[in-house]
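See below for query.txt, which holds compact mmCIF, C-alpha atoms.
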```txt
# COMPACT_ATOMS: atom_id res chain seq x y z
CA MET X 222 8.90 38.16 -13.21
CA LYS X 223 8.31 41.89 -13.11
CA ARG X 224 6.30 41.54 -16.27
CA ASN X 225 4.11 38.86 -14.71
CA ILE X 226 3.46 40.95 -11.62
CA ALA X 227 2.46 43.86 -13.84
CA LEU X 228 0.17 41.55 -15.81
CA MET X 229 -1.48 40.34 -12.61
CA GLY X 230 -1.95 43.97 -11.64
CA ILE X 231 -3.79 44.56 -14.91
CA VAL X 232 -6.14 41.65 -14.15
CA LEU X 233 -6.94 43.14 -10.77
CA LEU X 234 -7.48 46.61 -12.22
CA LEU X 235 -9.83 45.30 -14.92
CA MET X 236 -11.97 43.52 -12.32
CA VAL X 237 -12.08 46.45 -9.92
CA TYR X 238 -12.83 48.87 -12.75
CA ALA X 239 -15.75 46.71 -13.88
CA PHE X 240 -17.30 47.15 -10.45
CA LEU X 241 -16.50 50.82 -10.00
CA SER X 242 -17.80 51.83 -13.41
CA ASN X 243 -21.08 49.98 -12.88
CA ARG X 244 -22.31 50.78 -9.43
CA GLY X 245 -25.71 49.27 -8.89
CA ALA X 246 -25.48 47.04 -11.95
CA GLU X 247 -26.85 43.54 -11.54
CA PHE X 248 -23.90 41.61 -12.99
CA GLU X 249 -26.16 38.92 -14.31
CA GLY X 250 -24.96 36.40 -16.84
CA ALA X 251 -24.74 37.44 -20.47
CA ASP X 252 -27.10 34.60 -21.38
CA ALA X 253 -29.87 36.02 -19.21
CA GLN X 254 -29.60 39.28 -21.17
CA ALA X 255 -29.68 37.35 -24.43
CA GLU X 256 -32.98 35.80 -23.33
CA THR X 257 -34.42 39.27 -22.90
CA VAL X 258 -33.33 40.26 -26.41
CA ILE X 259 -34.78 37.07 -27.89
CA GLU X 260 -38.09 37.82 -26.18
CA GLU X 261 -37.93 41.29 -27.69
CA ILE X 262 -37.27 40.36 -31.29
CA ARG X 263 -39.17 37.06 -31.35
CA PRO X 264 -41.86 37.31 -28.68
CA ASP X 265 -43.45 34.10 -29.97
CA TYR X 266 -40.36 31.96 -29.47
CA GLN X 267 -40.78 29.17 -26.96
CA PRO X 268 -37.69 27.24 -25.81
CA TRP X 269 -38.44 23.70 -26.94
CA PHE X 270 -36.25 21.87 -24.50
CA GLU X 271 -35.68 22.28 -20.80
CA PRO X 272 -32.50 21.43 -18.92
CA LEU X 273 -32.80 17.83 -17.69
CA TRP X 274 -31.69 18.90 -14.26
CA GLU X 275 -31.13 22.26 -12.68
CA PRO X 276 -29.30 22.97 -9.47
CA PRO X 277 -32.10 23.36 -6.92
CA SER X 278 -30.73 26.65 -5.59
CA SER X 279 -28.02 29.18 -6.29
CA GLU X 280 -26.15 27.79 -3.28
CA ILE X 281 -26.00 24.35 -4.87
CA GLU X 282 -25.06 25.92 -8.17
CA SER X 283 -22.15 27.79 -6.63
CA LEU X 284 -21.15 24.57 -4.86
CA LEU X 285 -20.90 22.83 -8.22
CA PHE X 286 -18.97 25.69 -9.78
CA ALA X 287 -16.60 25.79 -6.81
CA LEU X 288 -16.14 22.05 -7.19
CA GLN X 289 -15.38 22.47 -10.88
CA ALA X 290 -12.77 25.14 -10.16
CA ALA X 291 -11.33 23.14 -7.27
CA LEU X 292 -10.91 19.98 -9.33
CA GLY X 293 -9.28 21.91 -12.14
CA SER X 294 -6.90 23.91 -9.98
CA GLY X 295 -6.18 20.80 -7.92
CA PHE X 296 -4.88 19.02 -10.97
CA ILE X 297 -3.02 22.10 -12.24
CA CYS X 298 -1.19 22.50 -8.93
CA TYR X 299 -0.47 18.78 -8.70
CA TYR X 300 1.06 18.79 -12.17
CA LEU X 301 3.09 21.97 -11.62
CA GLY X 302 4.33 20.66 -8.28
CA TYR X 303 5.30 17.40 -9.94
CA THR X 304 7.28 19.13 -12.69
CA ILE X 305 8.98 21.46 -10.19
CA GLY X 306 10.04 18.48 -8.07
CA ARG X 307 11.15 16.53 -11.09
CA LYS X 308 13.26 19.40 -12.37
CA LYS X 309 14.96 19.78 -8.98
CA ALA X 310 15.64 16.05 -8.78
CA VAL X 311 17.18 16.03 -12.25
CA GLU X 312 19.37 19.01 -11.39
CA GLN X 313 20.55 17.45 -8.14
CA SER X 314 21.44 14.14 -9.71
CA ARG X 315 23.76 15.84 -12.15
CA MET E 205 -33.28 29.34 -16.40
CA THR E 206 -33.23 32.20 -13.96
CA LEU E 207 -30.41 30.68 -11.97
CA SER E 208 -27.98 30.27 -14.77
CA PHE E 209 -25.13 32.75 -14.98
CA GLY E 210 -23.73 31.62 -18.25
CA MET E 211 -22.68 32.83 -21.57
CA HIS E 212 -23.27 29.90 -23.82
CA ILE E 213 -26.47 29.51 -25.77
CA MET E 214 -29.14 28.34 -23.36
CA GLU E 215 -30.93 25.00 -23.46
CA GLY E 216 -33.78 24.99 -25.98
CA PHE E 217 -32.88 28.44 -27.26
CA LEU E 218 -31.86 27.44 -30.76
CA PRO E 219 -34.58 26.34 -33.15
CA LEU E 220 -34.27 22.64 -33.99
CA GLY E 221 -32.92 23.21 -37.50
CA TRP E 222 -30.08 25.38 -36.29
CA ALA E 223 -29.32 23.09 -33.37
CA VAL E 224 -28.95 20.17 -35.78
CA ALA E 225 -26.92 22.20 -38.28
CA TRP E 226 -24.35 23.32 -35.70
CA PHE E 227 -24.18 19.82 -34.28
CA GLY E 228 -23.45 18.52 -37.77
CA LEU E 229 -20.76 21.13 -38.29
CA MET E 230 -19.14 20.07 -35.03
CA LEU E 231 -18.83 16.39 -36.00
CA PRO E 232 -15.92 16.54 -38.49
CA PHE E 233 -13.91 18.67 -36.06
CA LEU E 234 -14.69 16.25 -33.27
CA TYR E 235 -13.42 13.42 -35.43
CA LEU E 236 -10.18 15.32 -36.15
CA SER E 237 -9.86 16.03 -32.46
CA ILE E 238 -10.14 12.38 -31.45
CA VAL E 239 -7.61 11.38 -34.11
CA ARG E 240 -5.27 14.12 -32.91
CA ALA E 241 -5.58 13.18 -29.24
CA ARG E 242 -4.99 9.47 -29.92
CA ARG E 243 -1.99 10.21 -32.05
CA LEU E 244 -0.53 12.57 -29.43
CA ILE E 245 -0.84 9.97 -26.71
CA ALA E 246 0.40 7.12 -28.91
CA ASP E 247 3.49 9.10 -29.90
CA ASN E 248 4.20 10.37 -26.43
CA PRO E 249 2.34 8.86 -23.46
CA ARG E 250 3.45 11.77 -21.29
CA ALA E 251 1.36 14.10 -23.46
CA LEU E 252 -1.69 12.69 -21.71
CA LEU E 253 -0.78 14.56 -18.53
CA LEU E 254 -0.27 17.80 -20.41
CA LEU E 255 -3.53 17.26 -22.27
CA ALA E 256 -5.24 16.79 -18.91
CA PHE E 257 -3.50 19.96 -17.75
CA ALA E 258 -5.00 21.92 -20.65
CA GLY E 259 -8.39 20.41 -19.80
CA ALA E 260 -8.04 21.36 -16.15
CA PHE E 261 -7.16 24.93 -17.15
CA THR E 262 -10.36 25.09 -19.19
CA PHE E 263 -12.28 23.63 -16.26
CA VAL E 264 -11.06 26.32 -13.89
CA LEU E 265 -11.46 29.23 -16.25
CA SER E 266 -14.97 28.35 -17.33
CA ALA E 267 -16.00 28.25 -13.68
CA LEU E 268 -14.83 31.82 -13.13
CA LYS E 269 -17.65 34.22 -13.83
CA LEU E 270 -15.96 37.56 -14.02
CA PRO E 271 -17.56 40.99 -13.89
CA SER E 272 -17.24 43.11 -16.98
CA VAL E 273 -17.49 46.81 -17.79
CA THR E 274 -20.95 46.23 -19.26
CA GLY E 275 -22.29 45.44 -15.80
CA SER E 276 -22.85 41.80 -16.61
CA CYS E 277 -20.75 38.69 -16.23
CA SER E 278 -19.04 36.27 -18.53
CA HIS E 279 -16.23 33.78 -18.23
CA PRO E 280 -13.00 32.98 -20.05
CA THR E 281 -12.89 29.81 -22.13
CA GLY E 282 -9.35 28.60 -21.42
CA MET E 283 -9.08 27.10 -24.88
CA ALA E 284 -5.98 28.96 -26.04
CA LEU E 285 -3.48 27.22 -23.76
CA GLY E 286 -4.19 23.81 -25.22
CA ALA E 287 -4.44 25.19 -28.74
CA ILE E 288 -0.96 26.70 -28.44
CA LEU E 289 0.48 23.52 -26.93
CA PHE E 290 -1.20 20.90 -29.11
CA GLY E 291 -2.64 22.73 -32.09
CA PRO E 292 -6.27 23.80 -32.36
CA THR E 293 -7.94 20.49 -33.21
CA ALA E 294 -6.97 18.89 -29.89
CA MET E 295 -9.27 21.27 -28.03
CA VAL E 296 -12.57 20.23 -29.60
CA LEU E 297 -12.82 17.11 -27.46
CA ILE E 298 -11.88 18.97 -24.28
CA GLY E 299 -14.40 21.71 -25.04
CA LEU E 300 -17.12 19.14 -25.61
CA ILE E 301 -16.41 17.46 -22.28
CA VAL E 302 -16.51 20.75 -20.37
CA LEU E 303 -19.70 21.92 -22.09
CA PHE E 304 -21.34 18.56 -21.54
CA PHE E 305 -20.55 18.68 -17.84
CA GLN E 306 -21.90 22.21 -17.54
CA ALA E 307 -25.06 21.43 -19.52
CA LEU E 308 -25.83 18.35 -17.47
CA LEU E 309 -24.95 19.45 -13.95
CA LEU E 310 -25.23 23.21 -14.04
CA ALA E 311 -28.02 23.91 -16.53
CA HIS E 312 -25.43 26.12 -18.19
CA GLY E 313 -25.49 26.03 -21.97
CA GLY E 314 -27.52 22.99 -23.00
CA LEU E 315 -27.63 19.58 -24.62
CA THR E 316 -29.64 20.83 -27.60
CA THR E 317 -27.29 23.76 -28.11
CA ILE E 318 -24.09 21.85 -27.47
CA GLY E 319 -23.19 21.69 -31.17
CA ALA E 320 -23.40 25.46 -31.54
CA ASN E 321 -21.52 26.03 -28.30
CA VAL E 322 -18.75 23.59 -29.22
CA VAL E 323 -18.33 25.28 -32.61
CA SER E 324 -17.99 28.74 -31.05
CA MET E 325 -15.90 27.80 -28.02
CA ALA E 326 -13.89 24.75 -29.04
CA VAL E 327 -13.55 25.15 -32.82
CA VAL E 328 -13.52 28.86 -33.72
CA GLY E 329 -11.89 29.95 -30.45
CA PRO E 330 -8.85 27.61 -30.63
CA PHE E 331 -8.39 28.08 -34.38
CA VAL E 332 -8.40 31.87 -34.10
CA ALA E 333 -6.16 31.73 -31.02
CA TYR E 334 -3.69 29.37 -32.63
CA GLY E 335 -3.77 31.17 -35.98
CA LEU E 336 -3.02 34.58 -34.53
CA TYR E 337 -0.40 33.13 -32.18
CA ALA E 338 1.37 31.37 -35.04
CA LEU E 339 1.23 34.51 -37.15
CA LEU E 340 2.58 36.82 -34.45
CA LYS E 341 5.26 34.33 -33.49
CA LYS E 342 6.83 34.90 -36.88
CA THR E 343 7.16 38.61 -36.21
CA ARG E 344 9.69 40.21 -33.92
CA LEU E 345 7.19 40.61 -31.13
CA PRO E 346 8.08 38.89 -27.86
CA HIS E 347 6.66 35.38 -27.53
CA TRP E 348 4.39 36.34 -24.65
CA VAL E 349 2.73 39.06 -26.73
CA ALA E 350 1.86 36.44 -29.34
CA VAL E 351 0.39 34.19 -26.64
CA LEU E 352 -1.56 37.00 -25.00
CA SER E 353 -2.98 38.31 -28.28
CA GLY E 354 -3.86 34.87 -29.56
CA ALA E 355 -5.65 33.88 -26.36
CA ALA E 356 -7.50 37.18 -26.00
CA VAL E 357 -8.68 37.39 -29.61
CA GLY E 358 -9.61 33.70 -29.64
CA SER E 359 -11.75 34.19 -26.54
CA LEU E 360 -13.41 37.22 -28.08
CA ALA E 361 -14.00 35.37 -31.36
CA THR E 362 -15.93 32.71 -29.45
CA TYR E 363 -18.47 35.24 -28.31
CA VAL E 364 -18.68 37.00 -31.66
CA VAL E 365 -19.66 33.61 -33.07
CA THR E 366 -22.19 33.11 -30.28
CA ALA E 367 -23.76 36.44 -31.21
CA LEU E 368 -23.70 35.42 -34.87
CA GLN E 369 -25.39 32.10 -34.11
CA LEU E 370 -28.20 33.80 -32.20
CA ALA E 371 -28.60 36.51 -34.82
CA LEU E 372 -28.85 33.90 -37.58
CA ALA E 373 -31.48 31.99 -35.65
CA PHE E 374 -33.58 34.93 -34.51
CA SER E 375 -33.29 37.62 -37.15
CA GLY E 376 -36.47 36.51 -38.89
CA GLY E 377 -38.61 38.36 -36.36
CA ALA E 378 -38.98 42.04 -35.66
CA GLU E 379 -35.44 42.86 -36.71
CA GLY E 380 -33.12 42.09 -39.56
CA PHE E 381 -29.97 40.06 -39.27
CA TYR E 382 -27.62 42.99 -38.91
CA ALA E 383 -29.60 44.71 -36.17
CA ALA E 384 -29.94 41.44 -34.29
CA PHE E 385 -26.23 40.72 -34.63
CA ILE E 386 -25.37 44.14 -33.20
CA LYS E 387 -27.70 43.53 -30.26
CA PHE E 388 -26.33 40.09 -29.44
CA SER E 389 -22.76 41.28 -29.95
CA GLY E 390 -23.39 44.06 -27.49
CA ILE E 391 -24.31 41.43 -24.93
CA PHE E 392 -21.76 38.72 -25.57
CA ALA E 393 -18.81 40.22 -27.39
CA VAL E 394 -18.55 43.58 -25.64
CA THR E 395 -18.89 41.95 -22.23
CA GLN E 396 -16.11 39.61 -23.24
CA VAL E 397 -13.52 42.30 -24.09
CA PRO E 398 -11.99 42.81 -20.62
CA ILE E 399 -12.47 39.13 -19.84
CA ALA E 400 -10.63 38.19 -23.00
CA ILE E 401 -7.71 40.33 -21.87
CA VAL E 402 -7.75 38.57 -18.51
CA GLU E 403 -7.79 35.24 -20.32
CA GLY E 404 -4.79 36.31 -22.42
CA ILE E 405 -2.86 37.26 -19.31
CA LEU E 406 -3.72 34.05 -17.44
CA THR E 407 -2.62 32.01 -20.44
CA VAL E 408 0.73 33.82 -20.50
CA LEU E 409 1.24 33.21 -16.77
CA VAL E 410 0.44 29.50 -16.91
CA LEU E 411 2.45 28.89 -20.07
CA ASP E 412 5.34 30.66 -18.35
CA LEU E 413 5.18 28.20 -15.45
CA LEU E 414 5.02 25.22 -17.79
CA TRP E 415 7.95 26.61 -19.73
CA ALA E 416 10.02 27.26 -16.59
CA TYR E 417 9.72 23.75 -15.15
CA ASN E 418 8.93 21.53 -18.04
CA ARG E 419 10.57 23.03 -21.06
CA ASN E 420 11.66 19.75 -22.64
CA GLU E 421 8.22 18.23 -22.71
CA VAL E 422 6.57 21.36 -24.03
CA GLU E 423 9.15 21.63 -26.77
CA SER E 424 8.84 17.99 -27.71
CA LEU E 425 5.13 18.61 -28.27
CA LYS E 426 5.94 21.43 -30.62
CA ASP E 427 8.15 19.11 -32.60
CA LEU E 428 5.34 16.59 -32.76
CA ARG E 429 3.00 19.19 -34.04
CA THR E 430 5.25 20.34 -36.86
CA GLY E 431 5.86 16.81 -38.07
CA GLY E 432 8.05 15.29 -35.43
CA GLU E 433 11.33 14.96 -37.31
CA GLN E 434 13.34 16.46 -34.51
CA ALA E 435 11.56 14.54 -31.79
```
Please express what this file holds, its structure, as C-alpha cells.
Amino acid sequence: MKRNIALMGIVLLLMVYAFLSNRGAEFEGADAQAETVIEEIRPDYQPWFEPLWEPPSSEIESLLFALQAALGSGFICYYLGYTIGRKKAVEQSR
Amino acid sequence: MTLSFGMHIMEGFLPLGWAVAWFGLMLPFLYLSIVRARRLIADNPRALLLLAFAGAFTFVLSALKLPSVTGSCSHPTGMALGAILFGPTAMVLIGLIVLFFQALLLAHGGLTTIGANVVSMAVVGPFVAYGLYALLKKTRLPHWVAVLSGAAVGSLATYVVTALQLALAFSGGAEGFYAAFIKFSGIFAVTQVPIAIVEGILTVLVLDLLWAYNRNEVESLKDLRTGGEQA
C-alpha cells in the first residue's frame, strides 16, 4: 500500500514537473510537431487522404475523449466492484 | 488536422506504399490475435470479462493526453496490462479496435495509417512489454518491478517504432534516414519517456487491484497461457 501511494506520488510529480519545466510551452500533440518536421524535410509532400470526419470543434473533440475515458473507467470500476463483492460473498459463505 | 492532439501517424501522412506495407505486416498478427481471443474465451468464458477489462484500460489510457517534459503531449497506450495477462498476441485486436474508433470519430491517427499504428502500438508494444516482463520475472526482482519495467519500455518502444516508420517514409528528402529518425524520435520517443513511466505505474496499480480481488481468475489465465495443464 505504501509502495502504491509512493508510486502515485511519482505520477503526480512527473506531471507537475512537465508543466513547471516548460512554462509558456504550447503542449500540443506530438503528431502536430511531426507534421512540422515532415514539412521541413519533404516540403513537397501532400497528405493524400483526409479524415472522413473531424470533430467540428475542440469542445466536441474533448467531449468525445471524455466519453471514451468515461466508458473505459465505467467498465473498469464495474468489474472491480463486481470482483470485490464476489470475493466478500465467497468469504462470508465459508 | 489542427485540432488533433495525437501521437499516432496522422491520416494521409504515410505514402501509399508504406501504408500498404504496414497494413500487410499487421495482418498475420491480427490473425493470431483473433485465434488467441477465440481460444481464450472458448477455454474459459469468464476470460471475456477480463479481456474487456484490458480493452477498457486501453480505452481510458489512450484518452489521457498527458503533458511531458518536452513541452508537448502524448498519451499512454495501455497495452501492457493485457499483454501481461493474456500474452502479447491478444492485444492486436484490442489495439485495432481502439485505433479504429479514434481514427473514425476523433480524426486521431487515421484509416490509411492504421496498419502502421497497429504495428507500433498493438504488436511491438505488447511484445516488448511482455518479453521484458517475462525476462525480469525470472530474476529476483520484485514482481511489480517486472510489470513496471515491461509496461514502460513497451510504451516507449511503440513510439520509437512510430519515429522509425516516419523516418523510413520521409528520409528520401532533404535529410538521410538517420537524421530523420533522430528528429522524429525527439518528438515521439523523448516525449514518451515520462509518460511511459506513468503508464508503468498505472499498470502496476491496476494489476495490483486485479490480483487482490480476483487472484484465482488471473492465475488461471496464466496457466492457460503456459499450456493449461494445471488449469
(message) Excluding Trp269 of chain X and its own-chain neighbours fewer than 2 positions away, which residues fall within 9 Å of it when counting only C-alpha atoms? Please give them as a PyMOL selection string.
(response) (chain X and resi 266-267+271) or (chain E and resi 215-220)
(message) Taking all atoms listed in the file into account, name the residue in E:Ala356, E:Leu409, E:Val273, E:Leu253 that is nearest to Ala333 of chain E.
(response)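 Going through E:Ala356, E:Leu409, E:Val273, E:Leu253 one by one, the smallest distance to Ala333 of chain E is for E:Ala356.
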Which residues of chain X have any atom within 8 Å of an atom in chain E when counting all atoms listed in the file, and what is the closest pair of atoms for each, with the distance in Å to one decimal? Order the rows by chain and rising number and write it as a Markdown table.
```
| residue | atom | partner | partner_atom | distance |
| --- | --- | --- | --- | --- |
| X:Asn225 | CA | E:Leu409 | CA | 6.7 |
| X:Leu228 | CA | E:Ile405 | CA | 6.3 |
| X:Met229 | CA | E:Ile405 | CA | 7.5 |
| X:Val232 | CA | E:Val402 | CA | 5.6 |
| X:Leu235 | CA | E:Pro398 | CA | 6.6 |
| X:Met236 | CA | E:Pro271 | CA | 6.3 |
| X:Tyr238 | CA | E:Val273 | CA | 7.2 |
| X:Ala239 | CA | E:Val273 | CA | 4.3 |
| X:Phe240 | CA | E:Pro271 | CA | 7.1 |
| X:Ser242 | CA | E:Val273 | CA | 6.7 |
| X:Asn243 | CA | E:Gly275 | CA | 5.5 |
| X:Ala246 | CA | E:Gly275 | CA | 5.2 |
| X:Glu247 | CA | E:Gly275 | CA | 6.5 |
| X:Phe248 | CA | E:Ser276 | CA | 3.8 |
| X:Glu249 | CA | E:Ser276 | CA | 5.0 |
| X:Gly250 | CA | E:Phe209 | CA | 4.1 |
| X:Ala251 | CA | E:Met211 | CA | 5.2 |
| X:Asp252 | CA | E:Met211 | CA | 4.8 |
| X:Ala253 | CA | E:Phe209 | CA | 7.1 |
| X:Gln254 | CA | E:Ile391 | CA | 6.8 |
| X:Ala255 | CA | E:Phe388 | CA | 6.6 |
| X:Val258 | CA | E:Lys387 | CA | 7.6 |
| X:Ile259 | CA | E:Phe374 | CA | 7.1 |
| X:Ile262 | CA | E:Ala378 | CA | 5.0 |
| X:Arg263 | CA | E:Gly377 | CA | 5.2 |
| X:Gln267 | CA | E:Phe217 | CA | 7.9 |
| X:Pro268 | CA | E:Gly216 | CA | 4.5 |
| X:Trp269 | CA | E:Gly216 | CA | 4.9 |
| X:Phe270 | CA | E:Gly216 | CA | 4.2 |
| X:Glu271 | CA | E:Glu215 | CA | 6.1 |
| X:Pro272 | CA | E:Ala311 | CA | 5.7 |
| X:Leu273 | CA | E:Leu308 | CA | 7.0 |
| X:Trp274 | CA | E:Ala311 | CA | 6.6 |
| X:Glu275 | CA | E:Ala311 | CA | 5.2 |
| X:Pro276 | CA | E:Leu310 | CA | 6.1 |
| X:Ser278 | CA | E:Leu207 | CA | 7.6 |
| X:Ser279 | CA | E:Leu207 | CA | 6.3 |
| X:Glu282 | CA | E:Leu310 | CA | 6.5 |
| X:Leu285 | CA | E:Leu310 | CA | 7.3 |
| X:Phe286 | CA | E:Ala267 | CA | 5.5 |
| X:Ala287 | CA | E:Ala267 | CA | 7.3 |
| X:Gln289 | CA | E:Phe263 | CA | 6.3 |
| X:Ala290 | CA | E:Val264 | CA | 4.3 |
| X:Ala291 | CA | E:Val264 | CA | 7.3 |
| X:Leu292 | CA | E:Ala260 | CA | 7.5 |
| X:Gly293 | CA | E:Ala260 | CA | 4.2 |
| X:Ser294 | CA | E:Val264 | CA | 6.2 |
| X:Phe296 | CA | E:Ala260 | CA | 6.5 |
| X:Ile297 | CA | E:Phe257 | CA | 5.9 |
| X:Tyr300 | CA | E:Phe257 | CA | 7.3 |
| X:Leu301 | CA | E:Leu414 | CA | 7.2 |
| X:Thr304 | CA | E:Tyr417 | CA | 5.8 |
| X:Ile305 | CA | E:Tyr417 | CA | 5.5 |
| X:Lys308 | CA | E:Tyr417 | CA | 6.3 |
```
(request) Show which residues sit within 9 Å of Ser237 of chain E, as a list in words. Count only C-alpha atoms, and ignore same-chain residues fewer than 5 positions away. (result) Pro232, Arg242, Pro292, Thr293, Ala294, Met295, Val296, Leu297 and Ile298 of chain E
(message) Report, in Å with one decimal, the straight-line distance from atom CA of Trp348 of chain E to atom CA of Gly291 of chain E.
(response)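 Atom CA of Gly291 of chain E lies at a distance of 17.0 Å from atom CA of Trp348 of chain E.
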(message) For a test of reading the model, state the distance in Å between atom CA of Ser424 of chain E and atom CA of Leu244 of chain E, rounded to one decimal.
(response) 11.0 Å
(message) Please compute the atom CA of Phe331 of chain E-atom CA of Ala284 of chain E distance, one decimal, in Å.
(response)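 One can read the atom CA of Phe331 of chain E to atom CA of Ala284 of chain E distance as 8.7 Å.
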(request) Extract, using only C-alpha atoms, all DNA, RNA and protein residues at most 8 Å from Trp226 of chain E, discarding same-chain residues fewer than 5 positions from it, and format them as a ChimeraX atom specification. (result) /E:319-320,323
